[in-house]
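**Q** For reference, this is start18.cif, and it has mmCIF, C-alpha atoms.
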data_start
loop_
_atom_site.label_atom_id
_atom_site.label_comp_id
_atom_site.auth_asym_id
_atom_site.auth_seq_id
_atom_site.Cartn_x
_atom_site.Cartn_y
_atom_site.Cartn_z
CA MET A 874 -7.64 10.43 -1.27
CA ARG A 875 -4.15 10.68 -2.67
CA LEU A 876 -3.95 11.16 -6.42
CA ASN A 877 -0.27 10.26 -6.30
CA ILE A 878 0.82 8.22 -3.30
CA ALA A 879 4.35 8.98 -2.16
CA ALA A 880 6.86 6.21 -1.71
CA ALA A 881 5.81 3.62 0.83
CA VAL A 882 6.24 4.86 4.34
CA ALA A 883 9.63 3.80 5.68
CA LEU A 884 8.90 2.00 8.90
CA LEU A 885 11.42 0.52 11.28
CA ALA A 886 10.85 -3.14 12.02
CA ASN A 887 11.70 -5.52 14.83
CA PHE A 888 10.62 -3.29 17.69
CA ALA A 889 8.71 -4.79 20.59
CA SER A 890 5.00 -4.14 20.77
CA ALA A 891 3.85 -1.43 23.11
CA GLY A 892 3.16 -2.49 26.65
CA VAL A 893 0.22 -1.54 28.81
CA ALA A 894 -0.54 2.12 29.09
CA ARG A 895 1.40 3.76 31.87
CA PRO A 896 0.27 6.87 33.75
CA ARG A 897 2.03 10.03 32.64
CA GLN A 898 1.84 13.62 33.75
CA SER A 899 -1.20 15.25 32.22
CA SER A 900 -0.72 18.04 29.72
CA SER A 901 -3.22 20.73 28.79
CA ASN A 902 -1.24 21.27 25.57
CA ARG A 903 -2.03 17.87 24.07
CA LEU A 904 -4.35 18.16 21.08
CA VAL A 905 -6.15 15.81 18.71
CA PHE A 906 -6.86 16.66 15.08
CA ALA A 907 -8.52 14.92 12.15
CA HIS A 908 -7.17 14.99 8.60
CA TYR A 909 -9.75 16.73 6.38
CA MET A 910 -9.57 16.51 2.59
CA VAL A 911 -10.36 19.98 1.21
CA GLY A 912 -9.78 18.52 -2.25
CA LEU A 913 -13.16 16.77 -1.95
CA THR A 914 -15.18 19.89 -1.06
CA SER A 915 -15.91 21.55 -4.41
CA GLY A 916 -19.25 23.37 -4.02
CA GLN A 917 -19.55 22.44 -0.34
CA SER A 918 -21.97 24.48 1.75
CA GLN A 919 -21.35 26.21 5.05
CA ASP A 920 -23.91 23.82 6.54
CA GLN A 921 -21.66 20.86 5.77
CA TRP A 922 -18.68 22.56 7.41
CA GLN A 923 -20.88 23.31 10.41
CA LYS A 924 -22.04 19.69 10.65
CA ASP A 925 -18.51 18.31 10.37
CA ILE A 926 -17.13 20.70 12.97
CA THR A 927 -20.02 20.05 15.36
CA ASP A 928 -19.63 16.29 14.99
CA ALA A 929 -15.87 16.47 15.47
CA LYS A 930 -16.14 18.64 18.59
CA SER A 931 -18.72 16.26 20.05
CA ALA A 932 -16.19 13.45 19.71
CA GLY A 933 -13.50 15.42 21.54
CA ILE A 934 -11.52 16.38 18.42
CA ASP A 935 -9.80 19.77 18.78
CA GLY A 936 -9.41 20.69 15.12
CA PHE A 937 -8.98 19.75 11.48
CA ALA A 938 -5.75 19.49 9.53
CA LEU A 939 -6.88 20.95 6.22
CA ASN A 940 -5.22 18.95 3.45
CA VAL A 941 -4.98 21.30 0.45
CA GLY A 942 -3.66 20.82 -3.07
CA SER A 943 -2.36 23.72 -5.11
CA GLN A 944 -4.47 22.93 -8.17
CA ASP A 945 -7.96 23.10 -6.64
CA SER A 946 -9.89 26.16 -7.81
CA TRP A 947 -12.29 25.96 -4.86
CA ASN A 948 -9.60 26.41 -2.21
CA ALA A 949 -10.29 30.11 -1.70
CA GLN A 950 -14.01 29.65 -1.15
CA GLN A 951 -13.79 26.50 0.93
CA LEU A 952 -10.90 27.57 3.15
CA GLN A 953 -12.70 30.81 3.96
CA LEU A 954 -15.88 28.89 4.82
CA ALA A 955 -13.88 26.50 6.98
CA TYR A 956 -12.02 29.21 8.89
CA ASP A 957 -15.12 31.35 9.37
CA THR A 958 -17.23 28.43 10.60
CA ALA A 959 -14.49 27.14 12.88
CA SER A 960 -13.93 30.61 14.36
CA SER A 961 -17.57 30.82 15.40
CA ASN A 962 -17.34 27.36 17.00
CA SER A 963 -14.04 27.68 18.93
CA PHE A 964 -12.51 24.97 16.75
CA ASN A 965 -8.90 24.83 15.58
CA LEU A 966 -7.69 24.62 11.99
CA PHE A 967 -4.31 24.47 10.31
CA LEU A 968 -3.09 24.10 6.74
CA SER A 969 -1.55 20.81 5.65
CA PHE A 970 0.02 21.30 2.24
CA ASP A 971 -0.32 18.21 0.03
CA MET A 972 3.05 18.01 -1.66
CA ALA A 973 2.61 14.50 -3.03
CA ALA A 974 -0.47 15.25 -5.12
CA SER A 975 0.50 18.77 -6.23
CA SER A 976 3.37 21.22 -6.63
CA TRP A 977 3.66 24.40 -4.56
CA THR A 978 5.64 27.60 -5.02
CA VAL A 979 6.97 29.52 -2.04
CA ASP A 980 4.69 32.42 -2.95
CA GLN A 981 1.60 30.18 -2.91
CA VAL A 982 2.43 28.77 0.50
CA VAL A 983 3.29 32.17 1.94
CA SER A 984 0.08 33.66 0.59
CA LEU A 985 -2.14 31.04 2.24
CA VAL A 986 -0.30 31.14 5.57
CA ASN A 987 -0.48 34.94 5.68
CA GLN A 988 -4.13 34.95 4.67
CA TYR A 989 -5.28 32.75 7.55
CA LYS A 990 -2.67 33.24 10.28
CA GLY A 991 -4.79 35.93 11.89
CA ALA A 992 -8.03 33.94 11.85
CA GLY A 993 -9.56 33.19 15.22
CA SER A 994 -9.59 29.49 14.41
CA GLN A 995 -5.95 29.25 13.26
CA LEU A 996 -4.06 26.96 15.61
CA LYS A 997 -1.00 28.68 17.02
CA VAL A 998 1.82 27.29 19.12
CA ASN A 999 4.05 29.79 20.88
CA GLY A 1000 2.25 32.49 18.94
CA LYS A 1001 3.15 30.94 15.57
CA PRO A 1002 0.65 29.48 13.08
CA PHE A 1003 0.82 25.69 13.04
CA VAL A 1004 1.60 24.32 9.56
CA SER A 1005 1.90 20.73 8.32
CA THR A 1006 2.31 18.78 5.08
CA PHE A 1007 1.62 15.51 3.39
CA GLU A 1008 5.14 14.61 2.26
CA GLY A 1009 7.41 17.17 0.56
CA PRO A 1010 10.87 16.52 2.02
CA ASP A 1011 12.39 17.81 -1.24
CA TRP A 1012 10.73 21.15 -0.41
CA ALA A 1013 12.50 21.35 2.95
CA ASP A 1014 14.93 24.11 2.04
CA ASN A 1015 12.05 26.43 1.08
CA TRP A 1016 10.61 26.62 4.57
CA ALA A 1017 13.21 29.17 5.71
CA SER A 1018 11.82 31.56 3.10
CA VAL A 1019 8.27 30.84 4.28
CA ARG A 1020 9.24 31.56 7.87
CA SER A 1021 10.82 34.85 6.86
CA ALA A 1022 7.86 35.98 4.74
CA THR A 1023 5.20 35.04 7.30
CA GLY A 1024 6.80 36.15 10.55
CA ASP A 1025 7.57 32.50 11.40
CA ILE A 1026 5.51 29.33 11.64
CA PHE A 1027 5.38 26.21 13.82
CA LEU A 1028 6.21 23.55 11.24
CA VAL A 1029 5.25 19.90 11.87
CA PRO A 1030 5.51 18.20 8.45
CA ASP A 1031 4.84 14.63 7.40
CA TRP A 1032 8.05 13.47 5.75
CA SER A 1033 7.41 9.81 6.49
CA SER A 1034 9.02 8.72 3.24
CA LEU A 1035 12.36 9.64 4.85
CA GLY A 1036 11.78 7.41 7.86
CA ALA A 1037 12.34 8.52 11.42
CA GLN A 1038 16.11 8.80 11.07
CA GLY A 1039 15.79 10.82 7.88
CA VAL A 1040 13.42 13.23 9.56
CA GLY A 1041 15.87 13.46 12.45
CA SER A 1042 18.53 14.71 10.04
CA LYS A 1043 16.42 17.79 9.31
CA LEU A 1044 15.72 18.99 12.85
CA SER A 1045 17.07 22.47 12.15
CA GLN A 1046 14.27 23.03 9.63
CA ILE A 1047 11.27 21.82 11.65
CA ASP A 1048 9.54 22.26 14.99
CA GLY A 1049 8.27 18.70 15.08
CA ALA A 1050 7.16 15.89 12.78
CA PHE A 1051 4.00 14.05 11.83
CA ASN A 1052 4.23 10.28 11.32
CA TRP A 1053 1.80 9.13 8.62
CA GLY A 1054 2.56 5.48 9.41
CA ALA A 1055 -0.75 4.60 11.05
CA TRP A 1056 -1.28 1.16 9.47
CA PRO A 1057 0.51 -2.18 9.47
CA ASN A 1058 3.07 -2.72 6.72
CA ALA A 1059 2.42 -5.05 3.82
CA ASN A 1060 2.15 -8.66 5.02
CA GLN A 1061 1.80 -7.58 8.67
CA TYR A 1062 -1.46 -8.21 10.51
CA THR A 1063 -0.90 -5.67 13.29
CA ILE A 1064 1.13 -2.52 13.88
CA ASP A 1065 3.43 -1.96 16.84
CA SER A 1066 4.75 1.30 18.25
CA GLY A 1067 8.38 0.83 17.22
CA ASN A 1068 8.21 3.54 14.58
CA ASP A 1069 6.58 5.96 17.03
CA GLN A 1070 9.39 5.35 19.48
CA ALA A 1071 11.92 5.88 16.69
CA TYR A 1072 10.33 9.23 15.83
CA GLN A 1073 10.36 10.39 19.42
CA SER A 1074 14.02 9.48 19.71
CA ALA A 1075 14.96 11.13 16.43
CA LEU A 1076 13.08 14.34 17.27
CA GLN A 1077 15.16 14.89 20.41
CA GLY A 1078 12.37 16.57 22.33
CA LYS A 1079 10.68 18.33 19.43
CA ALA A 1080 6.94 17.83 18.97
CA TYR A 1081 5.74 14.44 17.76
CA MET A 1082 2.37 14.14 16.01
CA MET A 1083 1.24 10.52 15.90
CA GLY A 1084 -0.99 9.21 13.12
CA VAL A 1085 -3.98 7.13 14.20
CA SER A 1086 -6.45 5.50 11.82
CA PRO A 1087 -9.38 3.09 12.06
CA TYR A 1088 -9.09 1.42 8.66
CA PHE A 1089 -7.60 1.33 5.18
CA TYR A 1090 -8.91 -0.05 1.88
CA THR A 1091 -8.68 1.57 -1.53
CA ASP A 1092 -9.61 0.30 -4.98
CA LEU A 1093 -9.15 3.15 -7.45
CA PRO A 1094 -7.50 1.78 -10.58
CA GLN A 1095 -7.49 5.20 -12.22
CA TYR A 1096 -4.90 6.19 -9.59
CA SER A 1097 -3.15 2.78 -9.52
CA LYS A 1098 -4.35 2.21 -5.97
CA ASN A 1099 -5.67 -1.15 -4.86
CA TRP A 1100 -4.65 -2.38 -1.42
CA TYR A 1101 -5.96 -3.19 2.04
CA SER A 1102 -4.01 -2.67 5.25
CA SER A 1103 -4.90 -5.05 8.07
CA SER A 1104 -7.51 -3.30 10.18
CA ASP A 1105 -9.24 -6.04 12.18
CA SER A 1106 -7.86 -4.66 15.47
CA LEU A 1107 -6.28 -1.40 14.26
CA TRP A 1108 -8.56 1.14 15.98
CA TYR A 1109 -8.03 -0.51 19.36
CA ASP A 1110 -4.33 -1.22 18.87
CA ARG A 1111 -3.49 2.32 17.85
CA TRP A 1112 -5.33 4.01 20.73
CA LYS A 1113 -3.73 1.62 23.18
CA GLN A 1114 -0.38 2.66 21.74
CA VAL A 1115 -1.32 6.35 22.05
CA LEU A 1116 -1.80 5.87 25.78
CA ASP A 1117 1.69 4.39 25.98
CA ILE A 1118 3.52 6.76 23.62
CA GLN A 1119 1.81 9.95 24.84
CA PRO A 1120 2.75 12.15 21.85
CA GLU A 1121 2.36 15.92 21.89
CA TYR A 1122 -0.27 15.73 19.16
CA ILE A 1123 -2.47 13.15 17.43
CA GLU A 1124 -3.81 13.33 13.89
CA ILE A 1125 -6.64 10.97 13.06
CA ILE A 1126 -6.32 9.76 9.47
CA THR A 1127 -8.95 10.62 8.32
CA TRP A 1128 -12.18 12.53 8.73
CA ASN A 1129 -13.40 12.18 5.15
CA ASP A 1130 -11.07 10.26 2.85
CA TYR A 1131 -13.71 7.87 1.54
CA GLY A 1132 -11.55 6.63 -1.30
CA GLU A 1133 -9.21 5.09 1.27
CA SER A 1134 -11.94 3.86 3.68
CA SER A 1135 -10.22 5.66 6.56
CA TYR A 1136 -13.16 7.98 7.29
CA ILE A 1137 -14.89 8.26 10.66
CA ASN A 1138 -18.30 9.52 9.61
CA ALA A 1139 -21.23 8.71 7.37
CA PRO A 1140 -20.25 9.03 3.71
CA VAL A 1141 -21.07 12.40 2.12
CA ALA A 1142 -22.06 11.60 -1.47
CA ALA A 1143 -20.57 14.78 -2.95
CA GLN A 1144 -17.17 13.99 -1.41
CA ILE A 1145 -16.83 10.41 -2.67
CA VAL A 1146 -14.33 10.17 -5.51
CA SER A 1147 -15.59 8.35 -8.59
CA GLY A 1148 -15.22 4.60 -8.23
CA ALA A 1149 -15.17 4.53 -4.43
CA GLU A 1150 -18.95 4.57 -4.09
CA THR A 1151 -19.01 0.84 -4.82
CA TYR A 1152 -17.22 0.10 -1.55
CA VAL A 1153 -18.27 3.12 0.51
CA ASN A 1154 -22.04 3.46 0.04
CA GLY A 1155 -23.83 1.69 2.88
CA PHE A 1156 -20.65 1.43 4.96
CA ASP A 1157 -21.11 4.00 7.71
CA HIS A 1158 -18.08 4.62 9.96
CA THR A 1159 -19.71 7.07 12.38
CA ALA A 1160 -19.62 4.52 15.19
CA PHE A 1161 -15.81 4.60 15.24
CA ARG A 1162 -16.18 7.99 16.92
CA PHE A 1163 -17.98 6.53 19.94
CA VAL A 1164 -14.72 5.62 21.70
CA LEU A 1165 -13.00 8.95 21.01
CA PRO A 1166 -14.24 10.98 24.00
CA TYR A 1167 -12.84 8.34 26.35
CA PHE A 1168 -9.55 7.71 24.56
CA ILE A 1169 -8.92 11.42 24.02
CA SER A 1170 -9.69 12.21 27.65
CA ALA A 1171 -7.35 9.42 28.79
CA TYR A 1172 -4.62 10.62 26.43
CA LYS A 1173 -4.82 14.20 27.65
CA ALA A 1174 -4.89 13.12 31.29
CA GLY A 1175 -2.00 10.70 30.84
CA ASN A 1176 -4.10 8.12 32.64
CA ALA A 1177 -6.40 5.44 31.21
CA ASN A 1178 -8.56 5.39 34.34
CA VAL A 1179 -10.40 8.65 33.64
CA ASP A 1180 -14.17 8.82 33.97
CA LEU A 1181 -16.13 7.26 31.13
CA PRO A 1182 -18.30 9.74 29.20
CA SER A 1183 -20.67 6.83 28.49
CA GLU A 1184 -20.68 3.05 28.45
CA GLY A 1185 -21.24 1.14 25.23
CA ALA A 1186 -19.35 -0.28 22.28
CA VAL A 1187 -18.33 0.00 18.65
CA ALA A 1188 -18.25 -3.06 16.43
CA TRP A 1189 -16.90 -3.28 12.88
CA TYR A 1190 -16.88 -6.06 10.32
CA ARG A 1191 -16.98 -6.86 6.61
CA THR A 1192 -20.34 -8.03 5.30
CA THR A 1193 -18.93 -11.04 3.43
CA PRO A 1194 -16.19 -13.58 4.03
CA ALA A 1195 -12.80 -12.52 2.67
CA THR A 1196 -12.84 -15.36 0.15
CA VAL A 1197 -16.51 -15.27 -0.89
CA CYS A 1198 -15.26 -14.48 -4.40
CA GLY A 1199 -12.15 -13.02 -6.04
CA ASP A 1200 -10.07 -10.29 -4.41
CA GLY A 1201 -10.26 -7.93 -7.39
CA GLY A 1202 -6.49 -7.69 -7.44
CA THR A 1203 -6.40 -6.05 -4.02
CA VAL A 1204 -3.09 -6.74 -2.29
CA TRP A 1205 -2.22 -6.96 1.38
CA GLY A 1206 -0.69 -3.60 2.28
CA GLN A 1207 0.85 -0.81 0.22
CA GLY A 1208 3.56 -2.27 -1.97
CA GLY A 1209 2.52 -5.81 -1.11
CA SER A 1210 1.98 -8.74 -3.46
CA ALA A 1211 -0.05 -11.23 -1.40
CA SER A 1212 -3.83 -11.21 -1.64
CA ALA A 1213 -5.68 -8.90 0.73
CA ALA A 1214 -7.72 -11.95 1.72
CA SER A 1215 -4.63 -13.19 3.56
CA GLY A 1216 -4.47 -9.99 5.62
CA THR A 1217 -7.86 -10.14 7.28
CA LYS A 1218 -9.86 -12.65 9.26
CA ASP A 1219 -13.60 -13.25 9.09
CA VAL A 1220 -14.27 -11.57 12.41
CA ILE A 1221 -16.48 -9.03 14.12
CA SER A 1222 -14.21 -6.71 16.11
CA ILE A 1223 -15.56 -4.88 19.15
CA ILE A 1224 -14.29 -2.25 21.57
CA VAL A 1225 -16.36 -2.04 24.74
CA LEU A 1226 -16.17 0.91 27.13
CA SER A 1227 -17.30 -0.11 30.61
CA ASN A 1228 -16.55 0.56 34.25
CA SER A 1229 -16.39 -3.17 34.89
CA SER A 1230 -14.96 -6.08 32.92
CA GLN A 1231 -17.59 -8.34 31.44
CA ASP A 1232 -18.49 -10.85 28.78
CA ILE A 1233 -20.63 -9.70 25.89
CA THR A 1234 -23.08 -11.47 23.58
CA VAL A 1235 -22.86 -11.50 19.80
CA ALA A 1236 -25.53 -13.07 17.59
CA ILE A 1237 -25.11 -13.74 13.87
CA GLY A 1238 -28.32 -14.71 12.13
CA GLY A 1239 -29.82 -15.86 15.42
CA SER A 1240 -26.83 -17.97 16.44
CA SER A 1241 -25.65 -16.39 19.69
CA GLN A 1242 -22.43 -16.72 21.65
CA THR A 1243 -20.88 -15.19 24.75
CA VAL A 1244 -17.44 -13.70 24.29
CA SER A 1245 -14.67 -12.66 26.69
CA ALA A 1246 -12.24 -9.83 26.10
CA SER A 1247 -8.86 -10.69 24.57
CA SER A 1248 -7.21 -7.43 25.67
CA SER A 1249 -7.97 -4.36 27.75
CA VAL A 1250 -6.50 -0.98 28.60
CA GLY A 1251 -8.09 1.21 31.24
CA LYS A 1252 -11.84 1.02 30.73
CA ALA A 1253 -11.64 -0.21 27.13
CA SER A 1254 -11.76 -3.91 26.26
CA PHE A 1255 -11.31 -5.61 22.90
CA TYR A 1256 -13.26 -8.62 21.62
CA GLN A 1257 -13.38 -10.58 18.38
CA VAL A 1258 -15.96 -13.05 17.14
CA ASP A 1259 -15.30 -15.42 14.24
CA PHE A 1260 -18.14 -15.39 11.71
CA SER A 1261 -16.77 -18.17 9.49
CA GLY A 1262 -19.62 -20.23 8.12
CA LYS A 1263 -22.28 -17.90 9.54
CA THR A 1264 -24.64 -15.49 7.82
CA GLY A 1265 -27.36 -13.11 8.90
CA ALA A 1266 -27.82 -9.88 10.80
CA VAL A 1267 -25.26 -9.06 13.49
CA THR A 1268 -26.53 -8.17 16.97
CA VAL A 1269 -24.14 -7.05 19.69
CA THR A 1270 -25.37 -6.90 23.30
CA VAL A 1271 -23.46 -5.09 26.05
CA ASN A 1272 -24.83 -4.40 29.52
CA GLY A 1273 -28.34 -5.25 28.37
CA LYS A 1274 -28.19 -2.84 25.40
CA SER A 1275 -28.32 -4.26 21.88
CA THR A 1276 -27.70 -2.98 18.38
CA THR A 1277 -28.28 -4.88 15.15
CA GLY A 1278 -26.15 -4.15 12.12
CA PRO A 1279 -26.18 -5.14 8.45
CA GLU A 1280 -26.28 -8.78 7.45
CA ILE A 1281 -23.26 -10.90 6.71
CA THR A 1282 -23.93 -12.82 3.50
CA ASN A 1283 -22.24 -15.26 1.17
CA ASN A 1284 -23.19 -13.16 -1.83
CA CYS A 1285 -20.40 -11.76 -3.98
CA PRO A 1286 -20.79 -7.95 -4.30
CA SER A 1287 -22.11 -6.58 -7.60
CA THR A 1288 -18.56 -5.54 -8.53
CA GLY A 1289 -17.69 -9.21 -8.86
CA HIS A 1290 -15.06 -9.11 -6.13
CA VAL A 1291 -14.76 -8.77 -2.36
CA ASN A 1292 -15.35 -5.39 -0.71
CA PHE A 1293 -12.66 -5.16 1.98
CA ASN A 1294 -14.28 -2.11 3.64
CA ALA A 1295 -16.08 -2.58 6.97
CA VAL A 1296 -19.30 -1.28 8.41
CA ALA A 1297 -19.26 0.10 11.97
CA ILE A 1298 -22.15 0.01 14.44
CA GLN A 1299 -22.56 1.50 17.92
CA VAL A 1300 -24.12 -0.14 20.96
#
When written as structure tokens, how does the structure in this file appear?
**A**
Amino acid sequence: MRLNIAAAVALLANFASAGVARPRQSSSNRLVFAHYMVGLTSGQSQDQWQKDITDAKSAGIDGFALNVGSQDSWNAQQLQLAYDTASSNSFNLFLSFDMAASSWTVDQVVSLVNQYKGAGSQLKVNGKPFVSTFEGPDWADNWASVRSATGDIFLVPDWSSLGAQGVGSKLSQIDGAFNWGAWPNANQYTIDSGNDQAYQSALQGKAYMMGVSPYFYTDLPQYSKNWYSSSDSLWYDRWKQVLDIQPEYIEIITWNDYGESSYINAPVAAQIVSGAETYVNGFDHTAFRFVLPYFISAYKAGNANVDLPSEGAVAWYRTTPATVCGDGGTVWGQGGSASAASGTKDVISIIVLSNSSQDITVAIGGSSQTVSASSSVGKASFYQVDFSGKTGAVTVTVNGKSTTGPEITNNCPSTGHVNFNAVAIQV
């Protein structure tokens, strides 16, 4: 959750969509991280860190990017718990300084980097501790002092507000760059890989960390945040693009940012920012992780035809039509003005992992239909089922296995407006 969102990410338009994934040379240095909000962990136990790390490792995730704000009094306790737990689980961590939501001094940054650079779980590249940011391009000139006072770092910041070309103008100060642009722009239903290509070109061979996210919806008026980014096919689209772009690193946005509905786990009550519980409670996203072992394996191999860890599917959908009642002022995309209802369809979206192409069966309230894939890459296929005019429990059947998820209803949520978050289920 961002208390102060930086300027809308500058994305380059009019690029062609990514083509089918092409085999590339495999790389043992490719790594996948998940963005973890330390700002939500006040009073968190070691057991919760252990659970999160265990769950992430099981999905094939190599580490957490620890988003930290300078103002949080619990940083010392929670960062130590995180690094200690990760060290005992052979799990990587690195600091990601939130420079949009807080202000940092050079001494503060140096102190944290020096404190954890020797930890067994600290990610290092070429012997240097890996460091990232959320925004902070106006802090760029300070990193030389940080390098000097820490014995050097491997700096891969997110300066997405500059755009790819702007980041490219600062190559002498960085070792790579992280692109936060993991969602479609306002008034765009899907995202293409044009901005990823622009980053790779601008970086001139330096490391590219690609942002990947399953979803985005936030409604937190106390922070002036109320928008939905089109996510009906986002999880599939973005991983398909990963297999084409083949970046050095991937950062999944996010592990636990419930306020922005981008999480990939079951909501942890203590971490839900006030106001978000109305659209997060009951909306489990754990099933989004089902496809990660396959996609991560394919990404690291540079080949989408790797062995499947297991066959099955993830399905995600809203539990009401987009126009069942008012939109609550939610707009379509950050900085947009159109209603969020225009940026989503009343569909159940499904990614199936299977060794053979096949039709699947989806039932809504007992009304069943057989569906064919609309797209595929490697052993992953994408399906969508229109639920317009239908209500009832959702049952998805793949290869004889079925899972039933929450009902779709025509009842306006208790908030009096549409909840644009989705529930995810695994088959």
**Q** For the PyMOL selection byres ((chain A and resi 918) around 12), applied here, can you spell out every residue it catches as a list of chain:residue names?
**A**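 In the shown coordinates, the PyMOL selection byres ((chain A and resi 918) around 12) covers A:Thr914, A:Ser915, A:Gly916, A:Gln917, A:Gln919, A:Asp920, A:Gln921, A:Trp922, A:Gln923, A:Lys924, A:Asp925, A:Trp947, A:Gln950, A:Gln951, A:Leu952, A:Gln953, A:Leu954, A:Ala955, A:Thr958, A:Ala1143, A:Gln1144.
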**Q** Dump C-alpha atoms for the selected residues as a short mmCIF file (atom, residue, chain, number, x, y, z; two decimals), in the frame of the given file?
**A**
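Done, and the output landed in selection.cif:
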data_model
loop_
_atom_site.label_atom_id
_atom_site.label_comp_id
_atom_site.auth_asym_id
_atom_site.auth_seq_id
_atom_site.Cartn_x
_atom_site.Cartn_y
_atom_site.Cartn_z
CA THR A 914 -15.18 19.89 -1.06
CA SER A 915 -15.91 21.55 -4.41
CA GLY A 916 -19.25 23.37 -4.02
CA GLN A 917 -19.55 22.44 -0.34
CA GLN A 919 -21.35 26.21 5.05
CA ASP A 920 -23.91 23.82 6.54
CA GLN A 921 -21.66 20.86 5.77
CA TRP A 922 -18.68 22.56 7.41
CA GLN A 923 -20.88 23.31 10.41
CA LYS A 924 -22.04 19.69 10.65
CA ASP A 925 -18.51 18.31 10.37
CA TRP A 947 -12.29 25.96 -4.86
CA GLN A 950 -14.01 29.65 -1.15
CA GLN A 951 -13.79 26.50 0.93
CA LEU A 952 -10.90 27.57 3.15
CA GLN A 953 -12.70 30.81 3.96
CA LEU A 954 -15.88 28.89 4.82
CA ALA A 955 -13.88 26.50 6.98
CA THR A 958 -17.23 28.43 10.60
CA ALA A 1143 -20.57 14.78 -2.95
CA GLN A 1144 -17.17 13.99 -1.41
#
**Q** The PyMOL selection byres ((chain A and resi 999-1012) around 8) on the file shown: which residues, as number ranges by chain?
**A** A: 879, 938, 940, 967-973, 986, 990, 995-998, 1013-1016, 1025-1035, 1051
**Q** Take the residues from that selection and write them out as a compact mmCIF listing (two decimals), in the coordinates of the input, keeping C-alpha atoms.
**A**
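Result file follows (again-v4.txt):
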# COMPACT_ATOMS: atom_id res chain seq x y z
CA ALA A 879 4.35 8.98 -2.16
CA ALA A 938 -5.75 19.49 9.53
CA ASN A 940 -5.22 18.95 3.45
CA PHE A 967 -4.31 24.47 10.31
CA LEU A 968 -3.09 24.10 6.74
CA SER A 969 -1.55 20.81 5.65
CA PHE A 970 0.02 21.30 2.24
CA ASP A 971 -0.32 18.21 0.03
CA MET A 972 3.05 18.01 -1.66
CA ALA A 973 2.61 14.50 -3.03
CA VAL A 986 -0.30 31.14 5.57
CA LYS A 990 -2.67 33.24 10.28
CA GLN A 995 -5.95 29.25 13.26
CA LEU A 996 -4.06 26.96 15.61
CA LYS A 997 -1.00 28.68 17.02
CA VAL A 998 1.82 27.29 19.12
CA ALA A 1013 12.50 21.35 2.95
CA ASP A 1014 14.93 24.11 2.04
CA ASN A 1015 12.05 26.43 1.08
CA TRP A 1016 10.61 26.62 4.57
CA ASP A 1025 7.57 32.50 11.40
CA ILE A 1026 5.51 29.33 11.64
CA PHE A 1027 5.38 26.21 13.82
CA LEU A 1028 6.21 23.55 11.24
CA VAL A 1029 5.25 19.90 11.87
CA PRO A 1030 5.51 18.20 8.45
CA ASP A 1031 4.84 14.63 7.40
CA TRP A 1032 8.05 13.47 5.75
CA SER A 1033 7.41 9.81 6.49
CA SER A 1034 9.02 8.72 3.24
CA LEU A 1035 12.36 9.64 4.85
CA PHE A 1051 4.00 14.05 11.83
**Q** Step by step, work through what the PyMOL selection byres ((chain A and resi 1276) around 12) selects in the shown file, and finish by giving those residues as a PyMOL selection string.
**A** chain A and resi 1160+1185-1188+1234-1237+1266-1275+1277-1279+1297-1300
**Q** Considering only C-alpha atoms, state which residue in the set A:Tyr1072, A:Tyr1096, A:Tyr1062, A:Tyr1152 is at the smallest distance from A:Asn1292.
**A** A:Tyr1152
**Q** Pick the closest to A:Ser1287 from A:Pro1057, A:Gly1024, A:Gly1067, A:Gly1201: which is it, counting all atoms listed in the file?
**A**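 Counting all atoms listed in the file, the residue closest to A:Ser1287 is A:Gly1201.
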**Q** Fewer than 4 positions away in the same chain doesn't count, so skip those; otherwise give me all residues within 10 Å of A:Gly1148, counting all atoms listed in the file, as a PyMOL selection string.
**A** chain A and resi 1091-1095+1132+1152-1153
**Q** How would the residues just picked look written out with C-alpha atoms as a PDB file, in the coordinates of the input?
**A**
ATOM      1  CA  THR A1091      -8.680   1.570  -1.530  1.00  0.00           C
ATOM      2  CA  ASP A1092      -9.610   0.300  -4.980  1.00  0.00           C
ATOM      3  CA  LEU A1093      -9.150   3.150  -7.450  1.00  0.00           C
ATOM      4  CA  PRO A1094      -7.500   1.780 -10.580  1.00  0.00           C
ATOM      5  CA  GLN A1095      -7.490   5.200 -12.220  1.00  0.00           C
ATOM      6  CA  GLY A1132     -11.550   6.630  -1.300  1.00  0.00           C
ATOM      7  CA  TYR A1152     -17.220   0.100  -1.550  1.00  0.00           C
ATOM      8  CA  VAL A1153     -18.270   3.120   0.510  1.00  0.00           C
TER       9      VAL A1153
END
**Q** Residues at most 8 Å from A:Ile1064, counting all atoms listed in the file, excluding those fewer than 2 positions away in the same chain, as a list in words?
**A** Ala1055, Trp1056, Pro1057, Asn1058, Gln1061, Tyr1062, Ser1066, Leu1107, Asp1110 and Arg1111 of chain A
**Q** Go through A:Val911, A:Ala949, A:Leu904, A:Ile1137 one by one, measure the shortest atom-to-atom distance of each to A:Gly936 using all atoms listed in the file, and give the residue with the smallest value.
**A**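 Using all atoms listed in the file, A:Gly936 sits closest to A:Leu904.
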**Q** Identify which of the residues A:Pro1182, A:Val1296, A:Gln1077, A:Val1220 lies closest to A:Ala1139, counting only C-alpha atoms when measuring atom-to-atom distances.
**A** A:Val1296
